[in-house]
>>> print(open('my_file_39.cif').read())   # mmCIF, C-alpha atoms
data_data
loop_
_atom_site.label_atom_id
_atom_site.label_comp_id
_atom_site.auth_asym_id
_atom_site.auth_seq_id
_atom_site.Cartn_x
_atom_site.Cartn_y
_atom_site.Cartn_z
CA MET A 1479 -3.39 2.70 0.69
CA ARG A 1480 -6.32 2.04 -1.62
CA LYS A 1481 -4.52 2.88 -4.82
CA LEU A 1482 -1.44 0.88 -4.05
CA ILE A 1483 -3.29 -2.27 -3.09
CA ASN A 1484 -5.45 -1.85 -6.18
CA SER A 1485 -2.42 -1.87 -8.36
CA LEU A 1486 -0.71 -4.88 -6.80
CA VAL A 1487 -2.79 -7.25 -8.85
CA PHE A 1488 -2.30 -5.33 -12.06
CA ALA A 1489 1.43 -5.00 -11.55
CA ALA A 1490 1.90 -8.63 -10.67
CA LEU A 1491 -0.04 -9.72 -13.71
CA VAL A 1492 1.84 -7.48 -16.05
CA LEU A 1493 5.15 -8.87 -14.82
CA GLY A 1494 4.45 -12.22 -16.27
CA SER A 1495 1.70 -12.33 -18.78
CA THR A 1496 3.27 -11.55 -22.09
CA ASN A 1497 4.08 -13.38 -25.27
CA ALA A 1498 7.46 -14.97 -25.83
CA PHE A 1499 8.87 -11.94 -27.56
CA SER A 1500 12.17 -10.16 -27.51
CA TYR A 1501 11.62 -6.64 -26.29
CA ASP A 1502 13.59 -3.52 -27.07
CA PRO A 1503 16.62 -3.12 -24.75
CA ASP A 1504 15.80 0.53 -24.01
CA PRO A 1505 14.17 0.27 -20.54
CA LYS A 1506 11.35 2.69 -21.34
CA ILE A 1507 10.42 0.91 -24.57
CA PHE A 1508 11.02 -2.47 -22.91
CA ILE A 1509 8.39 -1.78 -20.24
CA ASN A 1510 6.01 -0.23 -22.74
CA GLU A 1511 6.22 -3.20 -25.10
CA LEU A 1512 6.02 -5.72 -22.31
CA VAL A 1513 2.93 -4.16 -20.75
CA SER A 1514 1.18 -3.62 -24.09
CA ASP A 1515 1.81 -7.23 -24.90
CA ALA A 1516 0.56 -8.31 -21.48
CA ILE A 1517 -2.67 -6.39 -21.81
CA LYS A 1518 -3.20 -7.81 -25.29
CA THR A 1519 -2.68 -11.35 -24.05
CA LEU A 1520 -4.82 -10.97 -20.96
CA SER A 1521 -7.64 -9.42 -22.94
CA ASP A 1522 -7.62 -12.25 -25.51
CA LYS A 1523 -10.73 -14.29 -24.84
CA ASN A 1524 -9.54 -17.04 -27.19
CA ILE A 1525 -6.71 -18.05 -24.89
CA SER A 1526 -7.55 -20.45 -22.08
CA LYS A 1527 -6.59 -19.68 -18.51
CA ALA A 1528 -4.12 -22.57 -18.54
CA ASP A 1529 -2.40 -21.23 -21.65
CA LYS A 1530 -2.24 -17.77 -20.16
CA SER A 1531 -0.59 -19.26 -17.08
CA LYS A 1532 1.99 -21.01 -19.23
CA LYS A 1533 2.81 -17.77 -21.02
CA ILE A 1534 3.15 -16.03 -17.69
CA GLU A 1535 5.66 -18.56 -16.53
CA ILE A 1536 7.78 -18.47 -19.69
CA ILE A 1537 7.92 -14.71 -19.95
CA ALA A 1538 8.44 -14.08 -16.25
CA LEU A 1539 11.45 -16.36 -16.44
CA GLU A 1540 12.78 -14.29 -19.36
CA ASN A 1541 12.08 -10.76 -18.17
CA VAL A 1542 12.11 -10.79 -14.39
CA ASP A 1543 15.34 -11.28 -12.47
CA ILE A 1544 13.77 -13.95 -10.27
CA ASN A 1545 17.15 -15.14 -9.05
CA ALA A 1546 18.21 -11.72 -7.69
CA LEU A 1547 14.71 -11.02 -6.41
CA GLY A 1548 14.76 -14.30 -4.50
CA MET A 1549 18.12 -13.58 -2.91
CA TYR A 1550 17.11 -10.01 -2.04
CA THR A 1551 13.90 -11.31 -0.51
CA LEU A 1552 15.76 -13.84 1.61
CA GLY A 1553 17.58 -11.06 3.45
CA SER A 1554 20.86 -11.28 5.33
CA ILE A 1555 20.34 -14.91 6.35
CA ARG A 1556 21.48 -15.89 2.86
CA LYS A 1557 25.08 -15.19 3.94
CA THR A 1558 24.92 -17.97 6.54
CA LEU A 1559 23.47 -20.67 4.30
CA ASP A 1560 25.40 -23.35 2.40
CA GLN A 1561 25.19 -23.75 -1.37
CA ASP A 1562 22.80 -26.71 -1.28
CA THR A 1563 20.34 -24.80 0.91
CA ILE A 1564 20.61 -21.74 -1.34
CA LYS A 1565 19.98 -23.94 -4.37
CA LYS A 1566 16.89 -25.42 -2.75
CA TYR A 1567 15.66 -21.96 -1.77
CA LYS A 1568 16.09 -20.61 -5.30
CA SER A 1569 14.12 -23.50 -6.72
CA LEU A 1570 11.30 -23.06 -4.21
CA PHE A 1571 11.24 -19.29 -4.59
CA GLU A 1572 10.94 -19.54 -8.37
CA LYS A 1573 7.96 -21.89 -8.05
CA TYR A 1574 6.42 -19.68 -5.39
CA PHE A 1575 6.89 -16.54 -7.49
CA LEU A 1576 5.38 -18.08 -10.62
CA LYS A 1577 2.41 -19.55 -8.78
CA SER A 1578 1.80 -16.25 -7.04
CA LEU A 1579 1.65 -14.54 -10.44
CA THR A 1580 -0.64 -17.06 -12.08
CA SER A 1581 -3.02 -17.19 -9.13
CA ARG A 1582 -3.72 -13.51 -9.67
CA LEU A 1583 -4.59 -13.96 -13.31
CA THR A 1584 -8.32 -14.16 -12.78
CA ASP A 1585 -8.30 -10.80 -11.00
CA TYR A 1586 -7.30 -8.89 -14.09
CA SER A 1587 -9.58 -6.31 -15.62
CA GLU A 1588 -8.69 -4.12 -18.60
CA GLN A 1589 -6.85 -1.01 -17.54
CA LYS A 1590 -5.25 1.77 -19.55
CA PHE A 1591 -1.50 1.86 -19.05
CA GLU A 1592 1.02 4.52 -20.01
CA VAL A 1593 4.79 4.83 -19.64
CA VAL A 1594 5.52 8.40 -18.58
CA SER A 1595 9.30 8.69 -18.31
CA ALA A 1596 12.53 6.90 -17.44
CA GLU A 1597 15.44 7.95 -15.28
CA GLN A 1598 18.80 6.21 -15.15
CA LYS A 1599 19.69 6.12 -11.44
CA SER A 1600 23.05 4.41 -11.77
CA GLU A 1601 25.05 2.27 -14.13
CA ASN A 1602 22.96 -0.66 -12.91
CA TYR A 1603 19.44 0.70 -12.71
CA THR A 1604 16.92 2.66 -14.66
CA ILE A 1605 13.62 3.55 -13.05
CA VAL A 1606 10.77 3.61 -15.52
CA ASN A 1607 7.83 5.72 -14.37
CA SER A 1608 4.39 4.67 -15.52
CA ARG A 1609 0.76 5.10 -14.61
CA ILE A 1610 -2.54 3.34 -14.88
CA ALA A 1611 -5.09 5.88 -15.99
CA GLU A 1612 -7.98 6.88 -13.74
CA SER A 1613 -11.23 5.06 -14.40
CA SER A 1614 -14.71 5.11 -12.91
CA SER A 1615 -13.73 2.39 -10.46
CA GLN A 1616 -10.29 3.58 -9.40
CA PRO A 1617 -8.08 6.66 -9.22
CA GLU A 1618 -4.83 7.01 -11.16
CA ILE A 1619 -2.11 4.61 -10.02
CA LYS A 1620 1.59 5.36 -10.34
CA ILE A 1621 4.00 2.48 -10.85
CA ASN A 1622 7.80 2.68 -10.94
CA TRP A 1623 9.72 -0.21 -12.45
CA ARG A 1624 13.21 -0.96 -11.21
CA VAL A 1625 14.96 -2.24 -14.32
CA TYR A 1626 18.39 -3.81 -13.97
CA ILE A 1627 20.56 -2.72 -16.90
CA LYS A 1628 23.94 -4.20 -16.10
CA ASP A 1629 23.66 -6.03 -19.43
CA PRO A 1630 22.34 -3.24 -21.67
CA SER A 1631 21.16 -5.73 -24.28
CA LYS A 1632 18.97 -7.59 -21.77
CA PRO A 1633 17.12 -5.44 -19.23
CA LEU A 1634 15.49 -7.30 -16.35
CA ILE A 1635 12.74 -6.23 -13.97
CA ARG A 1636 13.75 -6.46 -10.32
CA ASP A 1637 11.01 -4.61 -8.49
CA LEU A 1638 7.79 -2.67 -8.83
CA ILE A 1639 7.17 0.37 -6.70
CA VAL A 1640 3.43 0.85 -6.64
CA GLU A 1641 2.33 4.23 -5.29
CA GLY A 1642 5.62 4.40 -3.41
CA LEU A 1643 5.47 0.86 -2.04
CA SER A 1644 8.06 -1.67 -3.06
CA LEU A 1645 6.68 -5.13 -3.75
CA ALA A 1646 10.12 -6.70 -3.30
CA LYS A 1647 10.54 -5.00 0.07
CA THR A 1648 7.11 -6.18 1.19
CA GLN A 1649 8.00 -9.74 0.20
CA LYS A 1650 11.35 -9.48 1.95
CA GLU A 1651 9.73 -8.32 5.18
CA GLU A 1652 7.18 -11.11 4.96
CA PHE A 1653 9.95 -13.74 4.72
CA SER A 1654 11.94 -11.98 7.42
CA SER A 1655 8.97 -12.14 9.77
CA ILE A 1656 8.60 -15.88 9.20
CA LEU A 1657 12.30 -16.43 9.87
CA ASN A 1658 12.37 -14.18 12.95
CA SER A 1659 9.37 -15.94 14.46
CA ASN A 1660 11.10 -19.30 14.02
CA ASN A 1661 14.66 -18.70 15.26
CA ASN A 1662 15.86 -18.08 11.70
CA ASP A 1663 15.13 -21.69 10.81
CA ILE A 1664 15.17 -21.77 7.00
CA LYS A 1665 13.33 -25.12 7.05
CA ILE A 1666 10.21 -23.38 8.32
CA LEU A 1667 10.34 -20.96 5.39
CA PHE A 1668 10.80 -23.92 3.04
CA LEU A 1669 7.76 -25.60 4.58
CA LYS A 1670 5.67 -22.47 4.11
CA LEU A 1671 6.81 -22.11 0.50
CA GLU A 1672 6.10 -25.79 -0.23
CA GLU A 1673 2.70 -25.48 1.41
CA PHE A 1674 1.86 -22.53 -0.85
CA ILE A 1675 3.20 -24.25 -3.99
CA ASN A 1676 1.32 -27.50 -3.35
CA ASN A 1677 -2.02 -25.97 -2.39
CA MET B 1101 -12.41 15.44 32.76
CA ASP B 1102 -11.95 18.75 30.97
CA LEU B 1103 -10.04 19.27 27.74
CA LYS B 1104 -6.93 20.65 29.43
CA LYS B 1105 -6.59 17.59 31.67
CA ILE B 1106 -7.10 15.26 28.75
CA ILE B 1107 -4.38 16.98 26.73
CA ILE B 1108 -1.99 16.81 29.70
CA LEU B 1109 -2.80 13.11 30.14
CA ILE B 1110 -2.25 12.31 26.47
CA THR B 1111 0.98 14.28 26.37
CA ALA B 1112 2.22 12.44 29.45
CA ILE B 1113 1.41 9.06 27.87
CA PHE B 1114 3.12 10.10 24.65
CA LEU B 1115 6.24 11.22 26.52
CA LEU B 1116 6.29 7.94 28.45
CA LEU B 1117 6.02 5.98 25.26
CA SER B 1118 8.45 8.20 23.42
CA THR B 1119 11.33 6.16 24.82
CA SER B 1120 10.43 3.68 22.11
CA LEU B 1121 10.13 6.32 19.39
CA ARG B 1122 13.76 5.93 18.53
CA ALA B 1123 13.19 2.24 18.00
CA GLU B 1124 13.27 0.95 14.46
CA PRO B 1125 9.75 1.22 13.06
CA GLU B 1126 9.76 -2.45 12.13
CA LYS B 1127 10.17 -3.34 15.84
CA GLU B 1128 7.06 -4.73 17.43
CA CYS B 1129 5.62 -3.40 20.69
CA PHE B 1130 4.04 -6.76 21.57
CA GLU B 1131 3.92 -9.00 18.53
CA LYS B 1132 2.01 -11.94 20.03
CA VAL B 1133 -0.80 -9.67 21.22
CA SER B 1134 -0.81 -7.82 17.89
CA ARG B 1135 -1.01 -11.08 15.94
CA ASN B 1136 -3.98 -12.17 18.06
CA ILE B 1137 -5.69 -8.83 17.51
CA PHE B 1138 -4.95 -9.16 13.80
CA LYS B 1139 -6.66 -12.57 13.85
CA PHE B 1140 -9.62 -11.06 15.69
CA ASN B 1141 -9.79 -8.23 13.12
CA LYS B 1142 -9.77 -10.76 10.29
CA GLY B 1143 -12.62 -12.63 11.96
CA PHE B 1144 -14.53 -9.42 12.50
CA ASP B 1145 -13.93 -8.51 8.87
CA LYS B 1146 -15.22 -11.86 7.60
CA ALA B 1147 -18.28 -11.83 9.85
CA ILE B 1148 -19.33 -8.20 9.62
CA PHE B 1149 -17.22 -5.85 7.59
CA ARG B 1150 -16.76 -7.85 4.40
CA PRO B 1151 -20.47 -8.75 3.99
CA ILE B 1152 -21.39 -5.08 4.40
CA ALA B 1153 -18.75 -4.12 1.84
CA VAL B 1154 -20.05 -6.77 -0.57
CA GLY B 1155 -23.53 -5.25 -0.27
CA TYR B 1156 -22.11 -1.76 -0.66
CA ASN B 1157 -20.37 -2.80 -3.88
CA LYS B 1158 -23.75 -3.69 -5.35
CA LEU B 1159 -24.91 -0.09 -5.05
CA PRO B 1160 -24.85 2.11 -8.18
CA GLU B 1161 -21.40 3.53 -8.96
CA ARG B 1162 -22.71 7.07 -8.51
CA ILE B 1163 -23.70 6.40 -4.90
CA LYS B 1164 -20.36 4.78 -4.09
CA THR B 1165 -18.40 7.64 -5.66
CA GLY B 1166 -20.56 10.17 -3.84
CA THR B 1167 -19.99 8.43 -0.51
CA GLY B 1168 -16.24 8.34 -1.08
CA ASN B 1169 -16.23 12.03 -2.03
CA PHE B 1170 -18.35 12.97 0.99
CA THR B 1171 -16.15 11.24 3.57
CA SER B 1172 -12.99 12.45 1.86
CA ASN B 1173 -14.29 16.02 1.90
CA ILE B 1174 -14.93 15.84 5.64
CA GLY B 1175 -11.42 14.45 6.05
CA THR B 1176 -10.13 17.68 4.50
CA LEU B 1177 -11.09 19.49 7.70
CA LEU B 1178 -8.30 17.62 9.47
CA THR B 1179 -5.92 18.02 6.54
CA VAL B 1180 -5.97 21.83 6.52
CA PRO B 1181 -4.65 22.39 10.08
CA ASN B 1182 -2.03 19.71 9.55
CA HIS B 1183 -0.77 21.41 6.39
CA VAL B 1184 -0.52 24.60 8.44
CA LEU B 1185 1.36 22.81 11.23
CA GLN B 1186 3.77 21.47 8.62
CA GLY B 1187 4.23 24.92 7.12
CA ASN B 1188 2.73 23.87 3.78
CA TRP B 1189 0.72 27.03 3.23
CA ARG B 1190 0.05 26.45 -0.44
CA LEU B 1191 -1.31 22.95 0.20
CA ALA B 1192 -3.34 24.27 3.15
CA GLY B 1193 -4.86 26.84 0.82
CA GLU B 1194 -5.59 24.25 -1.84
CA SER B 1195 -7.19 21.87 0.66
CA GLY B 1196 -9.25 24.70 2.17
CA ALA B 1197 -10.42 25.80 -1.26
CA SER B 1198 -11.17 22.20 -2.17
CA PHE B 1199 -13.36 21.86 0.93
CA LEU B 1200 -15.25 25.07 0.23
CA ILE B 1201 -15.83 24.28 -3.44
CA ASN B 1202 -16.87 20.68 -2.84
CA SER B 1203 -19.13 21.61 0.08
CA THR B 1204 -20.96 24.21 -2.01
CA ILE B 1205 -20.75 23.53 -5.75
CA GLY B 1206 -20.16 19.86 -5.00
CA VAL B 1207 -23.37 19.67 -2.92
CA LEU B 1208 -22.13 18.93 0.61
CA GLY B 1209 -19.10 17.15 -0.77
CA PHE B 1210 -20.89 14.41 -2.71
CA GLY B 1211 -19.35 15.81 -5.88
CA ASN B 1212 -15.69 16.61 -6.40
CA PRO B 1213 -15.53 19.61 -8.73
CA ALA B 1214 -12.36 20.81 -6.95
CA ALA B 1215 -10.38 17.91 -8.41
CA LYS B 1216 -11.48 18.92 -11.89
CA MET B 1217 -10.15 22.40 -11.17
CA GLY B 1218 -6.79 20.86 -10.34
CA LEU B 1219 -6.94 21.40 -6.58
CA LYS B 1220 -5.00 18.72 -4.76
CA ASN B 1221 -6.40 17.27 -1.59
CA GLN B 1222 -4.00 14.80 -0.03
CA GLN B 1223 -5.02 13.61 3.41
CA GLU B 1224 -2.84 14.68 6.33
CA ASP B 1225 -3.00 13.85 10.03
CA ILE B 1226 -1.07 14.50 13.24
CA GLY B 1227 0.92 11.30 12.86
CA GLN B 1228 2.25 12.64 9.55
CA THR B 1229 2.87 16.07 11.06
CA LEU B 1230 4.89 14.56 13.92
CA GLY B 1231 6.77 12.47 11.38
CA SER B 1232 7.59 15.60 9.39
CA TYR B 1233 8.98 17.13 12.62
CA GLY B 1234 11.38 14.21 12.88
CA PHE B 1235 9.57 12.03 15.42
CA GLY B 1236 10.23 8.36 14.75
CA ALA B 1237 7.35 5.96 14.30
CA GLY B 1238 8.08 4.03 17.48
CA CYS B 1239 7.16 0.40 17.68
CA TYR B 1240 4.41 -1.17 15.63
CA PHE B 1241 1.21 -2.76 16.90
CA VAL B 1242 -2.34 -3.56 15.84
CA LEU B 1243 -5.47 -2.04 17.35
CA PRO B 1244 -8.79 -3.88 17.54
CA ILE B 1245 -10.99 -2.90 14.57
CA LEU B 1246 -8.80 0.12 13.71
CA GLY B 1247 -5.91 -2.02 12.48
CA PRO B 1248 -2.17 -1.31 12.03
CA THR B 1249 -0.52 1.61 13.81
CA THR B 1250 2.62 2.77 15.62
CA VAL B 1251 3.18 4.65 18.88
CA ARG B 1252 3.42 7.95 16.99
CA ASP B 1253 0.40 7.29 14.79
CA SER B 1254 -1.84 6.10 17.62
CA PHE B 1255 -0.93 9.19 19.64
CA GLY B 1256 -1.66 11.22 16.51
CA ARG B 1257 -5.05 9.59 16.20
CA VAL B 1258 -6.04 10.83 19.65
CA VAL B 1259 -4.75 14.35 19.04
CA ASP B 1260 -6.56 14.36 15.68
CA THR B 1261 -9.87 14.34 17.53
CA PHE B 1262 -8.95 17.62 19.24
CA ILE B 1263 -7.75 19.34 16.08
CA ASP B 1264 -10.30 18.03 13.62
CA PRO B 1265 -13.19 20.56 13.42
CA PHE B 1266 -15.58 17.75 12.49
CA ALA B 1267 -14.63 15.76 15.59
CA ASN B 1268 -15.00 18.92 17.70
CA VAL B 1269 -18.49 19.56 16.39
CA THR B 1270 -19.59 15.95 16.81
CA LEU B 1271 -17.61 14.22 19.56
CA GLY B 1272 -16.84 17.48 21.33
CA ASP B 1273 -20.45 18.71 21.28
CA ARG B 1274 -19.26 22.16 20.19
CA GLU B 1275 -20.95 24.55 17.84
CA LEU B 1276 -19.03 25.88 14.86
CA LEU B 1277 -20.66 28.46 12.57
CA ASN B 1278 -24.02 27.39 14.01
CA ILE B 1279 -23.31 23.79 13.04
CA SER B 1280 -23.47 21.05 15.64
CA GLY B 1281 -23.55 17.28 15.58
CA SER B 1282 -23.48 14.15 17.69
CA ASP B 1283 -21.19 11.19 18.31
CA ILE B 1284 -23.33 9.17 15.91
CA ASP B 1285 -22.48 11.57 13.07
CA TYR B 1286 -18.77 11.12 13.73
CA TYR B 1287 -18.88 7.34 13.86
CA SER B 1288 -21.24 7.14 10.88
CA VAL B 1289 -18.91 9.14 8.66
CA ASN B 1290 -15.86 7.18 9.78
CA GLY B 1291 -17.75 3.92 9.39
CA ALA B 1292 -18.84 4.87 5.88
CA SER B 1293 -15.27 5.80 5.03
CA ALA B 1294 -14.02 2.42 6.26
CA ILE B 1295 -16.68 0.51 4.32
CA ASP B 1296 -15.90 2.51 1.18
CA PHE B 1297 -12.20 1.62 1.57
CA ARG B 1298 -12.96 -2.06 2.25
CA ALA B 1299 -15.32 -2.28 -0.73
CA ASP B 1300 -12.75 -0.68 -3.04
CA ASN B 1301 -10.18 -3.26 -2.01
CA MET B 1302 -12.36 -6.34 -2.06
CA THR B 1303 -10.52 -8.26 -4.79
CA ASN B 1304 -7.11 -6.96 -3.84
CA LEU B 1305 -7.31 -7.84 -0.15
CA ASP B 1306 -8.64 -11.28 -1.04
CA SER B 1307 -5.72 -11.68 -3.41
CA LEU B 1308 -3.24 -10.46 -0.81
CA GLU B 1309 -4.60 -12.97 1.69
CA LYS B 1310 -4.48 -15.78 -0.86
CA ASN B 1311 -0.90 -15.04 -1.92
CA SER B 1312 0.71 -14.14 1.40
CA LEU B 1313 2.77 -16.58 3.41
CA ASP B 1314 2.37 -14.25 6.39
CA MET B 1315 -0.39 -11.73 5.82
CA TYR B 1316 0.29 -10.01 9.15
CA ALA B 1317 3.84 -9.20 8.02
CA ALA B 1318 2.72 -8.15 4.55
CA MET B 1319 0.16 -5.73 5.98
CA LYS B 1320 2.72 -4.37 8.41
CA SER B 1321 5.22 -3.73 5.63
CA LEU B 1322 2.61 -2.03 3.43
CA TYR B 1323 1.39 0.11 6.32
CA LEU B 1324 4.87 1.29 7.35
CA GLN B 1325 6.00 1.98 3.78
CA ASN B 1326 2.80 3.90 3.11
CA ARG B 1327 3.17 6.06 6.22
CA GLU B 1328 6.79 6.76 5.37
CA LYS B 1329 5.79 7.84 1.88
CA LYS B 1330 3.02 10.10 3.20
CA ILE B 1331 5.34 11.75 5.70
CA SER B 1332 8.06 12.46 3.16
CA ASN B 1333 5.44 13.45 0.57
CA THR B 1334 7.45 11.62 -2.07
CA PHE B 1335 6.26 8.93 -4.38
CA SER B 1336 9.31 6.76 -4.57
CA SER B 1337 10.89 4.69 -1.81
CA LEU B 1338 13.89 3.56 -3.79
CA ASP B 1339 16.69 2.33 -1.63
CA GLU B 1340 19.75 1.74 -3.77
CA ASP B 1341 21.74 0.29 -0.86
CA ASP B 1342 19.24 -2.51 -0.50
CA TRP B 1343 20.10 -3.75 -3.96
CA SER B 1344 23.79 -2.92 -4.17
CA GLU B 1345 24.88 -6.47 -3.25
CA PHE B 1346 23.05 -7.88 -6.22
CA ASN B 1347 24.67 -5.78 -8.93
CA LYS B 1348 27.09 -8.39 -10.16
#
>>> encode(input="my_file_39.cif", output="structure tokens")
Amino acid sequence: MRKLINSLVFAALVLGSTNAFSYDPDPKIFINELVSDAIKTLSDKNISKADKSKKIEIIALENVDINALGMYTLGSIRKTLDQDTIKKYKSLFEKYFLKSLTSRLTDYSEQKFEVVSAEQKSENYTIVNSRIAESSSQPEIKINWRVYIKDPSKPLIRDLIVEGLSLAKTQKEEFSSILNSNNNDIKILFLKLEEFINN
Amino acid sequence: MDLKKIIILITAIFLLLSTSLRAEPEKECFEKVSRNIFKFNKGFDKAIFRPIAVGYNKLPERIKTGTGNFTSNIGTLLTVPNHVLQGNWRLAGESGASFLINSTIGVLGFGNPAAKMGLKNQQEDIGQTLGSYGFGAGCYFVLPILGPTTVRDSFGRVVDTFIDPFANVTLGDRELLNISGSDIDYYSVNGASAIDFRADNMTNLDSLEKNSLDMYAAMKSLYLQNREKKISNTFSSLDEDDWSEFNK
């Protein structure tokens, strides 16, 4: 589990920390450009932490399908909720997601990244296979990117599979556990999300 | 109690518990107890384990790498029979060769020349072997100090000590090729392995704790996904059905 936990921070950072830039619609090039840009930005010592956080937020909003990720993460309970509750959840999830990304910013260290291949799994998804090269402090880490390609001109990242572990699935199971422990009361999940956002 | 009786006892317990093996792996055996043990483990980690790992991280990189290689090399002794039990003869051969090369050229396993020769050495255990035979994970729970597990994996852990040549030489007080050891050797190597793992994941576990709404659930999910991946020996756990509702 060492490698996969190691890469959680890297992967989360890369998701958001890029310049406001329109990337190539080809999923393989899209990920390559996005990550190269992210590494460049994160390595720039002339940019303050606050500015880096702002860039993370802007680019995550552009390149990650936060809306679908939020709904996926909510699980089957979403089918029983009214529109107002869903709207509130989406708003809270977006804030939670962005804060979670920015809070990991300080953990970044320079790592060598390489896109290896891409495989179109369906008309909706391409999986881009990449790796973080082995270094003295860590072994090689494999990362698969689930890229949503329904709109071929605008690919969106929906999940990262780090050493075989899906970050979206982990998040979904975390939310599910909170709901299950509290009689599926969505208000408890809202409280937890608000607590995280406001801390 | 002799070995035969112990094996019979363990098998009986496993069969008794196997009624829950068909249960969904995400089902809990006793969640409240597990959550309390998880809390205890976190406290134990903060008070003892983490400070040791912090100190360990201050050691020269060469020592840390050597320690990781050494414990991993000893772990290969358990991997080889499990590859055999799974019918993976090629991987059993590669792991065996890796052990021999690292134990000799690699100076008792502190070096890892086998990796440079392209010999793979993925860790295998009885839990994985049972999983490859089709046994379900059973319900999930947390053990004091040892952490996350399932019925199948905890049973596997016990059987591991009978199959693992290193455990036989140390815990079992047996002699193998004129080599013997003590309980202390066994626990020292496993302790070193755990500290090496904890030290490697210092920043990442801190980050996981900081960013989790429910760290217990996050750890459970990561553990179960990781075991599933190791059993299937595949990298990807892509479930298209999970996402099909969102393809609009």
>>> interface_residues(input="my_file_39.cif", of="chain A", to="chain B", cutoff="6 Å", atoms="only C-alpha atoms", output="tab-separated table (two decimals) with C-alpha atoms, keeping the file's coordinate frame")
chain	number	residue	atom	x	y	z
A	1484	ASN	CA	-5.45	-1.85	-6.18
A	1578	SER	CA	1.80	-16.25	-7.04
A	1642	GLY	CA	5.62	4.40	-3.41
A	1643	LEU	CA	5.47	0.86	-2.04
A	1648	THR	CA	7.11	-6.18	1.19
A	1652	GLU	CA	7.18	-11.11	4.96
>>> residues_near_point(input="my_file_39.cif", point="(-7.0, 13.9, 2.0)", cutoff="9 Å", atoms="only C-alpha atoms", output="ChimeraX atom specification")
/B:1172-1179,1195,1220-1225
>>> residues_around(input="my_file_39.cif", residues="A:Lys1620", least_positions_apart="4", cutoff="7 Å", atoms="only C-alpha atoms", output="PyMOL selection string")
chain A and resi 1608-1610+1640-1641
>>> resolve_selection(input="my_file_39.cif", expression="the PyMOL selection byres ((chain B and resi 1138-1147) around 9)", output="list in words")
Val1133, Ser1134, Arg1135, Asn1136, Ile1137, Ile1148, Phe1149, Arg1150, Pro1151, Val1242, Leu1243, Pro1244, Ile1245, Leu1246, Gly1247, Pro1248 and Tyr1316 of chain B
>>> write_last_selection(input="my_file_39.cif", atoms="C-alpha atoms", output="short mmCIF file (atom, residue, chain, number, x, y, z; two decimals), in the frame of the given file")
data_model
loop_
_atom_site.label_atom_id
_atom_site.label_comp_id
_atom_site.auth_asym_id
_atom_site.auth_seq_id
_atom_site.Cartn_x
_atom_site.Cartn_y
_atom_site.Cartn_z
CA VAL B 1133 -0.80 -9.67 21.22
CA SER B 1134 -0.81 -7.82 17.89
CA ARG B 1135 -1.01 -11.08 15.94
CA ASN B 1136 -3.98 -12.17 18.06
CA ILE B 1137 -5.69 -8.83 17.51
CA ILE B 1148 -19.33 -8.20 9.62
CA PHE B 1149 -17.22 -5.85 7.59
CA ARG B 1150 -16.76 -7.85 4.40
CA PRO B 1151 -20.47 -8.75 3.99
CA VAL B 1242 -2.34 -3.56 15.84
CA LEU B 1243 -5.47 -2.04 17.35
CA PRO B 1244 -8.79 -3.88 17.54
CA ILE B 1245 -10.99 -2.90 14.57
CA LEU B 1246 -8.80 0.12 13.71
CA GLY B 1247 -5.91 -2.02 12.48
CA PRO B 1248 -2.17 -1.31 12.03
CA TYR B 1316 0.29 -10.01 9.15
#
>>> resolve_selection(input="my_file_39.cif", expression="the PyMOL selection byres ((chain A and resi 1502-1506) around 12)", output="VMD selection string")
chain A and resid 1499 to 1501 1507 to 1513 1541 1592 to 1598 1602 to 1608 1622 to 1635
>>> closest_residue(input="my_file_39.cif", among="B:Asn1268, B:Asn1188, B:Thr1167, B:Asn1202", to="B:Gly1291", atoms="all atoms listed in the file")
B:Thr1167
>>> resolve_selection(input="my_file_39.cif", expression="the PyMOL selection byres ((chain A and resi 1530-1535) around 6)", output="list in words")
Gly1494, Ser1495, Lys1527, Ala1528, Asp1529, Ile1536, Ile1537, Ala1538, Leu1576 and Thr1580 of chain A
>>> write_last_selection(input="my_file_39.cif", atoms="C-alpha atoms", output="mmCIF file, in the coordinates of the input")
data_model
loop_
_atom_site.group_PDB
_atom_site.id
_atom_site.type_symbol
_atom_site.label_atom_id
_atom_site.label_comp_id
_atom_site.auth_asym_id
_atom_site.auth_seq_id
_atom_site.Cartn_x
_atom_site.Cartn_y
_atom_site.Cartn_z
ATOM 1 C CA GLY A 1494 4.450 -12.220 -16.270
ATOM 2 C CA SER A 1495 1.700 -12.330 -18.780
ATOM 3 C CA LYS A 1527 -6.590 -19.680 -18.510
ATOM 4 C CA ALA A 1528 -4.120 -22.570 -18.540
ATOM 5 C CA ASP A 1529 -2.400 -21.230 -21.650
ATOM 6 C CA ILE A 1536 7.780 -18.470 -19.690
ATOM 7 C CA ILE A 1537 7.920 -14.710 -19.950
ATOM 8 C CA ALA A 1538 8.440 -14.080 -16.250
ATOM 9 C CA LEU A 1576 5.380 -18.080 -10.620
ATOM 10 C CA THR A 1580 -0.640 -17.060 -12.080
#
>>> residues_around(input="my_file_39.cif", residues="A:Leu1657", least_positions_apart="6", cutoff="7 Å", atoms="all atoms listed in the file", output="PyMOL selection string")
chain A and resi 1663-1664+1667
>>> residues_around(input="my_file_39.cif", residues="stretch 1549-1558 of chain A", least_positions_apart="4", cutoff="7 Å", atoms="all atoms listed in the file", output="PDB file with C-alpha atoms, in the coordinates of the input")
ATOM      1  CA  ASN A1545      17.150 -15.140  -9.050  1.00  0.00           C
ATOM      2  CA  ALA A1646      10.120  -6.700  -3.300  1.00  0.00           C
ATOM      3  CA  GLN A1649       8.000  -9.740   0.200  1.00  0.00           C
ATOM      4  CA  LYS A1650      11.350  -9.480   1.950  1.00  0.00           C
ATOM      5  CA  PHE A1653       9.950 -13.740   4.720  1.00  0.00           C
ATOM      6  CA  SER A1654      11.940 -11.980   7.420  1.00  0.00           C
TER       7      SER A1654
END
